[in-house]
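Asker: My structure is stored as start.cif, with mmCIF, C-alpha atoms.
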data_work
#
loop_
_atom_site.label_atom_id
_atom_site.label_comp_id
_atom_site.auth_asym_id
_atom_site.auth_seq_id
_atom_site.Cartn_x
_atom_site.Cartn_y
_atom_site.Cartn_z
CA MET A 1 62.19 84.69 109.71
CA ALA A 2 61.72 82.88 106.41
CA GLN A 3 63.40 79.59 105.59
CA TRP A 4 64.79 78.89 102.15
CA SER A 5 65.62 75.89 100.00
CA LEU A 6 68.86 75.65 98.03
CA LYS A 7 66.81 75.97 94.86
CA ASP A 8 65.33 79.24 96.11
CA VAL A 9 68.78 80.68 96.79
CA ALA A 10 70.37 79.34 93.59
CA SER A 11 68.08 81.44 91.39
CA HIS A 12 69.58 84.65 92.83
CA ASN A 13 72.97 84.53 91.18
CA SER A 14 73.27 87.71 89.13
CA ALA A 15 74.09 91.39 89.53
CA THR A 16 70.37 92.19 89.60
CA SER A 17 69.71 89.77 92.45
CA CYS A 18 72.61 88.25 94.36
CA TRP A 19 72.08 86.12 97.46
CA VAL A 20 74.72 84.19 99.39
CA ILE A 21 74.67 81.57 102.13
CA ILE A 22 76.93 82.03 105.16
CA ARG A 23 76.72 79.64 108.11
CA GLU A 24 73.31 78.33 106.93
CA ASN A 25 71.88 81.88 106.81
CA VAL A 26 70.79 83.66 103.64
CA TYR A 27 71.78 87.24 102.79
CA ASP A 28 70.85 89.58 99.95
CA VAL A 29 74.07 91.36 98.92
CA THR A 30 72.78 92.86 95.66
CA GLU A 31 72.97 96.47 96.78
CA PHE A 32 76.31 95.80 98.45
CA LEU A 33 77.99 94.67 95.20
CA PRO A 34 79.43 98.10 94.26
CA GLU A 35 80.42 98.75 97.88
CA HIS A 36 82.19 95.47 98.59
CA PRO A 37 85.86 96.22 99.35
CA GLY A 38 86.95 93.07 97.52
CA GLY A 39 84.95 93.97 94.42
CA ALA A 40 81.70 92.61 93.05
CA THR A 41 83.28 89.72 91.16
CA ILE A 42 83.96 87.56 94.21
CA LEU A 43 80.39 88.03 95.49
CA LEU A 44 78.93 87.18 92.09
CA ARG A 45 81.13 84.08 91.93
CA TYR A 46 79.28 82.80 95.01
CA GLY A 47 75.90 84.24 94.08
CA GLY A 48 73.21 81.66 94.86
CA LYS A 49 75.77 79.46 96.66
CA ASP A 50 77.37 78.76 100.02
CA ALA A 51 80.19 81.27 100.64
CA THR A 52 81.02 80.24 104.21
CA ASP A 53 84.47 78.78 103.55
CA VAL A 54 85.77 81.87 101.75
CA TYR A 55 84.01 84.33 104.06
CA GLU A 56 85.01 83.15 107.52
CA PRO A 57 88.84 83.36 107.38
CA ILE A 58 88.87 87.05 106.43
CA HIS A 59 85.79 88.54 108.13
CA PRO A 60 84.98 89.12 111.80
CA PRO A 61 81.90 87.16 112.93
CA ASP A 62 79.95 90.39 113.43
CA ALA A 63 80.72 91.89 110.00
CA LEU A 64 77.31 91.07 108.51
CA ASP A 65 75.51 92.58 111.48
CA ARG A 66 77.62 95.72 111.19
CA TYR A 67 77.57 96.38 107.48
CA LEU A 68 74.52 94.71 105.99
CA PRO A 69 71.08 96.22 106.78
CA LYS A 70 68.76 94.00 108.77
CA ASP A 71 66.25 93.78 105.92
CA LYS A 72 68.97 92.05 103.85
CA HIS A 73 69.21 89.25 106.42
CA LEU A 74 66.67 87.03 104.69
CA GLY A 75 66.46 84.09 107.09
CA SER A 76 67.93 80.62 107.33
CA LEU A 77 68.12 77.52 105.19
CA GLU A 78 65.56 74.78 105.58
CA SER A 79 66.85 72.03 107.83
CA ASN A 80 67.30 69.52 104.99
CA ALA A 81 69.21 72.14 102.95
CA ALA A 82 71.49 72.94 105.90
CA ARG A 83 72.11 69.22 106.42
CA PHE A 84 72.93 68.78 102.73
CA LEU A 85 75.52 71.58 102.84
CA SER A 86 77.06 70.16 105.99
CA ASP A 87 77.39 66.73 104.37
CA GLU A 88 78.76 68.32 101.21
CA ARG A 89 81.45 70.15 103.17
CA SER A 90 82.43 66.96 104.96
CA ALA A 91 82.69 65.07 101.69
CA ARG A 92 84.56 67.81 99.81
CA GLU A 93 87.93 66.72 98.50
CA LYS A 94 90.86 68.64 99.89
CA THR A 95 92.74 70.92 97.53
CA LYS A 96 96.36 70.24 96.71
CA ASP A 97 97.39 73.18 98.84
CA GLU A 98 95.34 71.94 101.81
CA ILE A 99 97.03 68.53 101.53
CA ARG A 100 100.44 70.22 101.37
CA VAL A 101 99.67 72.21 104.55
CA GLU A 102 98.47 69.11 106.41
CA GLU A 103 101.66 67.22 105.56
CA ALA A 104 103.82 70.22 106.54
CA HIS A 105 102.16 70.43 109.96
CA LYS A 106 103.12 66.81 110.61
CA ARG A 107 106.77 67.82 110.17
CA LYS A 108 106.59 71.08 112.13
CA PRO A 109 109.43 71.29 114.69
CA PRO A 110 108.73 71.95 118.39
CA LEU A 111 108.68 75.60 119.42
CA SER A 112 111.73 75.04 121.62
CA ARG A 113 113.80 74.59 118.46
CA ILE A 114 112.74 77.90 116.93
CA LEU A 115 115.70 80.12 117.78
CA SER A 116 115.17 83.15 115.55
CA LEU A 117 112.68 85.04 113.43
CA ALA A 118 114.29 83.44 110.38
CA ASP A 119 113.50 80.01 111.84
CA MET A 120 109.91 81.08 112.48
CA GLU A 121 109.52 82.42 108.94
CA LYS A 122 110.83 79.18 107.46
CA VAL A 123 108.19 77.17 109.35
CA ALA A 124 105.48 79.67 108.38
CA ARG A 125 106.43 79.42 104.73
CA GLU A 126 105.99 75.65 104.90
CA THR A 127 102.86 75.41 107.06
CA LEU A 128 100.71 78.38 106.03
CA SER A 129 98.30 78.12 103.16
CA TYR A 130 99.54 79.68 99.93
CA LYS A 131 96.91 82.42 100.23
CA ALA A 132 97.92 83.26 103.80
CA TYR A 133 101.65 83.33 103.10
CA ALA A 134 101.16 85.43 99.96
CA TYR A 135 99.18 87.95 102.00
CA TYR A 136 101.45 88.00 105.07
CA SER A 137 104.77 88.12 103.20
CA SER A 138 104.02 90.28 100.17
CA ALA A 139 104.90 93.95 99.73
CA SER A 140 104.55 96.52 96.98
CA ASP A 141 106.02 96.05 93.51
CA ASP A 142 109.65 94.85 93.70
CA MET A 143 109.49 94.86 97.53
CA THR A 144 112.38 97.34 97.68
CA THR A 145 111.00 99.17 100.72
CA HIS A 146 110.29 95.84 102.43
CA SER A 147 113.89 94.72 101.88
CA GLU A 148 115.31 98.05 103.04
CA ASN A 149 113.18 97.96 106.18
CA ALA A 150 114.69 94.58 107.05
CA ARG A 151 118.22 95.70 106.17
CA SER A 152 117.87 98.82 108.31
CA PHE A 153 118.27 96.72 111.46
CA SER A 154 121.76 95.75 110.31
CA ARG A 155 122.75 99.42 110.44
CA PHE A 156 122.14 99.72 114.20
CA PHE A 157 125.11 99.08 116.45
CA PHE A 158 125.42 98.84 120.21
CA ASN A 159 128.08 101.06 121.77
CA ALA A 160 129.70 98.40 123.92
CA ARG A 161 130.65 98.95 127.55
CA VAL A 162 132.76 96.68 129.72
CA MET A 163 133.42 96.41 133.44
CA ARG A 164 129.85 97.20 134.35
CA PRO A 165 127.63 95.31 136.84
CA VAL A 166 125.36 93.25 134.60
CA GLY A 167 124.52 90.37 136.93
CA ARG A 168 120.91 91.51 137.04
CA CYS A 169 119.59 93.03 133.84
CA ASP A 170 116.01 94.20 133.57
CA PRO A 171 114.74 94.75 130.00
CA SER A 172 111.27 95.77 131.15
CA THR A 173 109.93 99.20 130.25
CA THR A 174 106.71 101.13 129.81
CA ILE A 175 104.99 102.01 126.54
CA LEU A 176 102.59 104.94 126.82
CA GLY A 177 102.67 104.35 130.55
CA TYR A 178 101.83 100.63 130.38
CA SER A 179 104.26 97.99 131.57
CA SER A 180 105.96 95.67 129.12
CA SER A 181 108.47 92.93 129.94
CA ILE A 182 110.62 93.95 126.97
CA PRO A 183 110.72 97.06 124.73
CA VAL A 184 108.75 95.25 122.02
CA PHE A 185 105.00 95.03 121.36
CA ILE A 186 102.79 93.13 118.91
CA CYS A 187 102.07 95.60 116.14
CA GLY A 188 98.68 95.73 114.45
CA ALA A 189 98.34 93.30 111.55
CA ALA A 190 95.16 92.15 109.85
CA LEU A 191 93.55 88.75 109.34
CA ALA A 192 95.22 86.53 111.91
CA LYS A 193 92.64 83.81 111.19
CA LEU A 194 94.37 83.18 107.88
CA GLY A 195 97.15 81.68 109.95
CA HIS A 196 95.14 79.96 112.71
CA PRO A 197 91.43 79.44 113.43
CA LEU A 198 91.69 81.26 116.77
CA GLY A 199 93.10 84.34 115.05
CA GLU A 200 93.98 87.37 117.16
CA VAL A 201 92.95 85.65 120.39
CA ASN A 202 96.12 83.55 120.18
CA LEU A 203 98.16 86.75 120.18
CA THR A 204 96.15 88.21 123.07
CA ARG A 205 96.76 85.18 125.26
CA ALA A 206 100.45 85.00 124.34
CA ALA A 207 100.90 88.72 125.08
CA ALA A 208 99.35 88.24 128.52
CA LYS A 209 101.58 85.24 129.23
CA GLU A 210 104.77 87.06 128.25
CA GLY A 211 103.84 90.46 129.68
CA ILE A 212 103.92 92.44 126.45
CA ILE A 213 101.33 94.66 124.75
CA GLN A 214 99.22 93.76 121.73
CA MET A 215 97.97 96.28 119.20
CA VAL A 216 94.78 95.13 117.45
CA SER A 217 94.18 96.03 113.81
CA SER A 218 91.04 97.70 112.48
CA ASN A 219 91.02 94.78 110.05
CA ALA A 220 91.22 92.03 112.63
CA SER A 221 89.52 88.76 111.70
CA LEU A 222 87.72 88.65 115.06
CA SER A 223 85.48 91.27 116.62
CA PHE A 224 87.20 93.83 118.85
CA GLU A 225 84.94 92.70 121.68
CA ALA A 226 85.94 89.04 121.31
CA ILE A 227 89.61 89.99 121.44
CA MET A 228 89.10 92.13 124.54
CA ASP A 229 87.10 89.33 126.18
CA ALA A 230 90.13 87.05 125.73
CA ALA A 231 92.43 89.50 127.53
CA ALA A 232 93.56 88.86 131.08
CA PRO A 233 92.30 91.21 133.82
CA SER A 234 94.01 94.62 133.50
CA GLN A 235 95.88 93.50 130.35
CA PRO A 236 96.43 96.60 128.18
CA LEU A 237 95.48 96.42 124.52
CA PHE A 238 96.16 99.12 121.93
CA PHE A 239 94.15 99.71 118.76
CA GLN A 240 95.33 100.48 115.22
CA LEU A 241 92.86 102.71 113.41
CA TYR A 242 92.40 102.84 109.66
CA LYS A 243 90.05 105.82 109.50
CA ASN A 244 86.95 105.29 107.40
CA ARG A 245 86.26 107.98 104.82
CA ARG A 246 82.90 108.55 106.51
CA ASP A 247 83.61 110.51 109.67
CA LYS A 248 80.53 109.20 111.45
CA LEU A 249 81.61 105.57 110.99
CA ALA A 250 85.11 106.45 112.17
CA GLU A 251 83.72 108.10 115.31
CA GLU A 252 81.52 105.08 116.01
CA ARG A 253 84.53 102.78 115.80
CA ILE A 254 86.60 104.98 118.09
CA THR A 255 83.75 105.20 120.57
CA GLU A 256 83.40 101.41 120.54
CA VAL A 257 87.06 100.62 121.21
CA ILE A 258 87.20 103.14 124.05
CA ARG A 259 84.06 101.60 125.55
CA LEU A 260 85.61 98.15 125.30
CA GLY A 261 88.70 99.33 127.18
CA TYR A 262 91.43 99.71 124.55
CA ARG A 263 94.07 101.97 126.11
CA ALA A 264 95.48 103.85 123.10
CA ILE A 265 94.69 104.39 119.44
CA PHE A 266 97.34 104.49 116.73
CA LEU A 267 96.15 106.19 113.54
CA THR A 268 97.67 104.66 110.40
CA VAL A 269 98.47 107.43 107.91
CA ASP A 270 100.72 105.75 105.34
CA ALA A 271 98.28 103.34 103.68
CA ILE A 272 95.59 105.48 102.07
CA VAL A 273 95.83 103.49 98.84
CA PRO A 274 96.65 99.79 98.47
CA GLY A 275 100.15 98.83 97.50
CA ASN A 276 100.66 96.77 94.37
CA ARG A 277 101.33 93.54 96.27
CA GLU A 278 101.87 91.24 93.32
CA ALA A 279 102.20 87.96 95.20
CA ASP A 280 98.93 88.64 97.00
CA ILE A 281 97.16 89.59 93.77
CA ARG A 282 98.58 86.57 91.95
CA SER A 283 97.74 83.97 94.62
CA PRO A 284 94.25 82.96 93.36
CA TRP A 285 95.67 82.33 89.89
CA VAL A 286 98.48 80.20 91.32
CA LEU A 287 95.98 78.10 93.27
CA GLN A 288 93.63 77.73 90.30
CA ASP A 289 96.48 76.60 88.04
CA GLN A 290 97.74 74.23 90.74
CA GLU A 291 94.35 72.53 90.96
CA SER A 292 93.75 72.34 87.22
CA GLY A 293 97.30 71.39 86.31
CA THR A 294 97.30 73.93 83.47
CA SER A 295 97.67 77.68 82.99
CA PRO A 296 95.47 79.80 80.70
CA VAL A 297 96.98 81.10 77.48
CA TRP A 298 96.28 84.22 75.50
CA ASP A 299 93.32 84.07 73.13
CA GLU A 300 92.24 87.26 71.43
CA ASN A 301 88.70 85.92 71.17
CA THR A 302 88.34 85.35 74.90
CA PRO A 303 86.72 88.22 76.85
CA GLU A 304 89.15 90.03 79.11
CA GLU A 305 89.08 88.72 82.67
CA ASP A 306 87.89 91.06 85.42
CA VAL A 307 91.00 91.06 87.61
CA ASN A 308 91.00 92.13 91.25
CA LEU A 309 94.19 94.19 91.31
CA GLY A 310 93.78 94.98 95.00
CA GLY A 311 94.20 91.44 96.26
CA THR A 312 93.33 90.57 99.83
CA ALA A 313 95.31 93.53 101.16
CA GLY A 314 93.74 96.08 98.82
CA ALA A 315 90.24 95.26 99.98
CA LEU A 316 91.19 96.19 103.54
CA VAL A 317 91.96 99.84 102.78
CA ASP A 318 89.35 100.40 100.10
CA ARG A 319 87.18 102.55 102.37
CA ASP A 320 89.94 104.50 104.06
CA ASP A 321 89.92 108.29 104.15
CA GLN A 322 92.14 109.53 101.31
CA ASP A 323 91.81 113.15 102.39
CA MET A 324 93.40 112.91 105.82
CA THR A 325 95.25 115.99 107.05
CA TRP A 326 96.77 116.91 110.39
CA GLU A 327 94.02 119.48 110.81
CA LYS A 328 91.41 116.80 110.25
CA VAL A 329 93.05 114.57 112.81
CA SER A 330 92.80 117.31 115.42
CA ASP A 331 89.09 117.71 114.70
CA ILE A 332 88.18 114.03 114.85
CA ILE A 333 90.44 112.22 117.28
CA VAL A 334 92.81 113.04 120.08
CA VAL A 335 94.99 110.27 121.46
CA GLY A 336 95.85 110.78 125.13
CA LYS A 337 98.34 108.93 127.31
CA VAL A 338 95.72 106.95 129.19
CA ASN A 339 92.78 106.91 126.81
CA ALA A 340 91.75 107.87 123.33
CA LEU A 341 89.28 110.73 123.33
CA VAL A 342 86.60 111.09 120.66
CA MET A 343 86.19 114.57 119.22
CA SER A 344 83.23 115.61 117.09
CA PRO A 345 84.19 116.92 113.62
CA ALA A 346 82.62 120.22 114.68
CA SER A 347 84.43 120.47 118.01
CA ARG A 348 87.97 121.44 118.95
CA PRO A 349 90.60 119.37 120.78
CA PHE A 350 91.18 119.80 124.45
CA PRO A 351 93.50 122.67 125.48
CA GLY A 352 97.14 122.02 124.80
CA PHE A 353 96.61 119.49 122.00
CA GLU A 354 98.25 120.28 118.70
CA ALA A 355 98.42 117.87 115.78
CA LYS A 356 101.87 118.01 114.21
CA PRO A 357 103.65 115.81 111.71
CA SER A 358 106.76 114.06 112.94
CA TYR A 359 108.68 115.01 109.79
CA PRO A 360 109.01 118.19 107.68
#
Go through the file and emit its structure as structure tokens.

Answerer:
Amino acid sequence: MAQWSLKDVASHNSATSCWVIIRENVYDVTEFLPEHPGGATILLRYGGKDATDVYEPIHPPDALDRYLPKDKHLGSLESNAARFLSDERSAREKTKDEIRVEEAHKRKPPLSRILSLADMEKVARETLSYKAYAYYSSASDDMTTHSENARSFSRFFFNARVMRPVGRCDPSTTILGYSSSIPVFICGAALAKLGHPLGEVNLTRAAAKEGIIQMVSSNASLSFEAIMDAAAPSQPLFFQLYKNRRDKLAEERITEVIRLGYRAIFLTVDAIVPGNREADIRSPWVLQDQESGTSPVWDENTPEEDVNLGGTAGALVDRDDQDMTWEKVSDIIVVGKVNALVMSPASRPFPGFEAKPSYP
């Protein structure tokens, strides 16, 4: 394939021709601008430039191969250009937030002193990047539902019993027929690489060590294959599906995770539009103001800023099917006890299957 200089790439920095550099490779994303889940603005901001640092934490390594046609993979940088970018990255000054995170990691307590989820959250708040914490911790609007979800656990009470033989207690159970050391599993959550370079693989290895089950998100920051490759022999993994609005793409994803050996598929039905997660939306402004030391002020003569009101979270559900119904579920996917079965949109479920809501 062709090799390009930085000057060649730099000239393609507009909506009519937008190229980006990722890991020393050059891509034409012009036609992808209106389709990009995060909006065109972020791509145009890096048009003609190296976008590796902002791309890698929130995209699986195979995302470009999956979603960008091969003819838009334009080739690599010339060796001297690649060397220049590498040197530039090494010489780049750390941001104030990066320095804060580095210092916080030096003070991080040993895991043996983390006694509760509250302890863990306190350490996360101090050691995660601002962007990561804003994404992981934010919820819609005034976060009322988030707060009520947490408070709901305080309304559960154990009906105590005494004078029972409790010398040997076994908390192990099965979930969908798969063994778990405790009645808890790792629920699907996106973008683990925001918190650690190894991303979801850390969770996979920890789940194997502790004998619990991991559910992998459709929006994982690693490929589903890489996560499965990290699993121990016979370790069960579940999959959380955000169904794409294009049935064919949804079927392809389901087929892939079954082929890879995921044992069950959980269809997410309560996130068809992004929540108004204000902390997540606001995080780039906070970081910009932190670096500059100032905040912008209103000026009626300044053109209105093109604001990404979806934030990091909104981009993840931008292509989800907003017309999901129980009937549609029964035509497209059937989740069995041992495996997920792919159903063609034109076919019917196997005998005995009936898609029903769990509430009126």

Asker: Give me the residues of range 240-277 of chain A that have any atom at most 8 Å from an atom of range 306-321 of chain A; for each, the nearest atom pair and the distance in Å, rounded to one decimal. Use only C-alpha atoms, sort by chain and number, and format it as JSON lines.

Answerer:
{"residue": "A:Tyr242", "atom": "CA", "partner": "A:Asp320", "partner_atom": "CA", "distance": 6.3}
{"residue": "A:Lys243", "atom": "CA", "partner": "A:Asp320", "partner_atom": "CA", "distance": 5.6}
{"residue": "A:Asn244", "atom": "CA", "partner": "A:Asp320", "partner_atom": "CA", "distance": 4.6}
{"residue": "A:Arg245", "atom": "CA", "partner": "A:Asp321", "partner_atom": "CA", "distance": 3.7}
{"residue": "A:Arg246", "atom": "CA", "partner": "A:Asp321", "partner_atom": "CA", "distance": 7.4}
{"residue": "A:Ala271", "atom": "CA", "partner": "A:Val317", "partner_atom": "CA", "distance": 7.3}
{"residue": "A:Ile272", "atom": "CA", "partner": "A:Asp320", "partner_atom": "CA", "distance": 6.1}
{"residue": "A:Val273", "atom": "CA", "partner": "A:Val317", "partner_atom": "CA", "distance": 6.6}
{"residue": "A:Pro274", "atom": "CA", "partner": "A:Gly314", "partner_atom": "CA", "distance": 4.7}
{"residue": "A:Gly275", "atom": "CA", "partner": "A:Gly314", "partner_atom": "CA", "distance": 7.1}
{"residue": "A:Asn276", "atom": "CA", "partner": "A:Gly310", "partner_atom": "CA", "distance": 7.1}
{"residue": "A:Arg277", "atom": "CA", "partner": "A:Gly311", "partner_atom": "CA", "distance": 7.4}

Asker: Just give me the gap between CA of Met324 in chain A and CA of Glu35 in chain A in Å, one decimal is fine.

Answerer: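 About the pair CA of Met324 in chain A and CA of Glu35 in chain A: they are 20.8 Å apart.
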
Asker: I want to know what sits within 12 Å of range 136-150 of chain A, based on only C-alpha atoms, with residues of the same chain fewer than 4 positions away left out; could you give that as a PyMOL selection string?

Answerer: chain A and resi 117-118+121-122+124-125+128-132+154-156+189-195+271+273-283+310-314

Asker: On this structure, the PyMOL selection byres ((chain A and resi 95) around 12) would catch which residues? List them as an MDAnalysis selection string, sorted by chain and number.

Answerer: chainID A and resid 92:94 96:102 129:130 287:292

Asker: CA of Arg66 in chain A and CA of Asp270 in chain A, how far apart in Å?

Answerer: 25.9 Å

Asker: Could you state which residues are captured by the PyMOL selection byres ((chain A and resi 204) around 7) in this file, as number ranges by chain?

Answerer: A: 200-203, 205-208, 214, 227, 230-231

Asker: Which of these, A:Gly75, A:Gly188, A:Pro69, A:Pro171, has the shortest distance to Thr30 in chain A once you count all atoms listed in the file?

Answerer: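 Residue with the minimum atom-to-atom distance to Thr30 in chain A: A:Pro69.
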
Asker: Separation of CA of Glu88 in chain A and CA of Ile42 in chain A, in Å?

Answerer: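 These two atoms are separated by 21.1 Å.
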
Asker: Just the residues within 10 Å of Glu56 in chain A, please, counting all atoms listed in the file, with nothing from its chain fewer than 6 positions along; format it as number ranges by chain.

Answerer: A: 22-23, 193-194, 197, 221-222

Asker: Within 6 Å of Gly48 in chain A, counting all atoms listed in the file, which residues qualify if same-chain residues fewer than 5 places away don't, as a ChimeraX atom specification?

Answerer: /A:9-10,12-13,19-20

Asker: Given only C-alpha atoms as the basis, pick out the residue of A:Met228, A:Leu111, A:Met1, A:Ala15 nearest to Arg263 in chain A.

Answerer: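 Answer, going by the shortest atom-to-atom distance: A:Met228.
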
Asker: Quick one: which residues end up in the PyMOL selection byres ((chain A and resi 8) around 12) for this structure, as a list in words?

Answerer: Ala2, Gln3, Trp4, Ser5, Leu6, Lys7, Val9, Ala10, Ser11, His12, Asn13, Ser17, Cys18, Trp19, Val20, Ile21, Val26, Gly47, Gly48, Lys49, Leu74, Ser76, Leu77, Glu78 and Ala81 of chain A

Asker: For a quick check of understanding, using all atoms listed in the file, which of A:Phe224, A:Ala134, A:Arg107, A:Thr302 has the smallest distance to Pro284 in chain A?

Answerer: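 Distance minimum relative to Pro284 in chain A lands on A:Ala134.
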
Asker: Give the answer as one residue: which of A:Val216, A:Leu176, A:Val297, A:Ala226 has the shortest atom-to-atom distance to Leu267 in chain A, using only C-alpha atoms?

Answerer: A:Val216

Asker: Between A:Val29, A:Ile182, A:Leu249, A:Ile265, which is the closest to Ser217 in chain A once you count only C-alpha atoms?

Answerer: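 That would be A:Ile265, the residue with the smallest distance to Ser217 in chain A.
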
Asker: Which of these, A:Tyr262, A:Trp285, A:Tyr133, A:Phe158, has the shortest distance to Leu237 in chain A once you count all atoms listed in the file?

Answerer: A:Tyr262
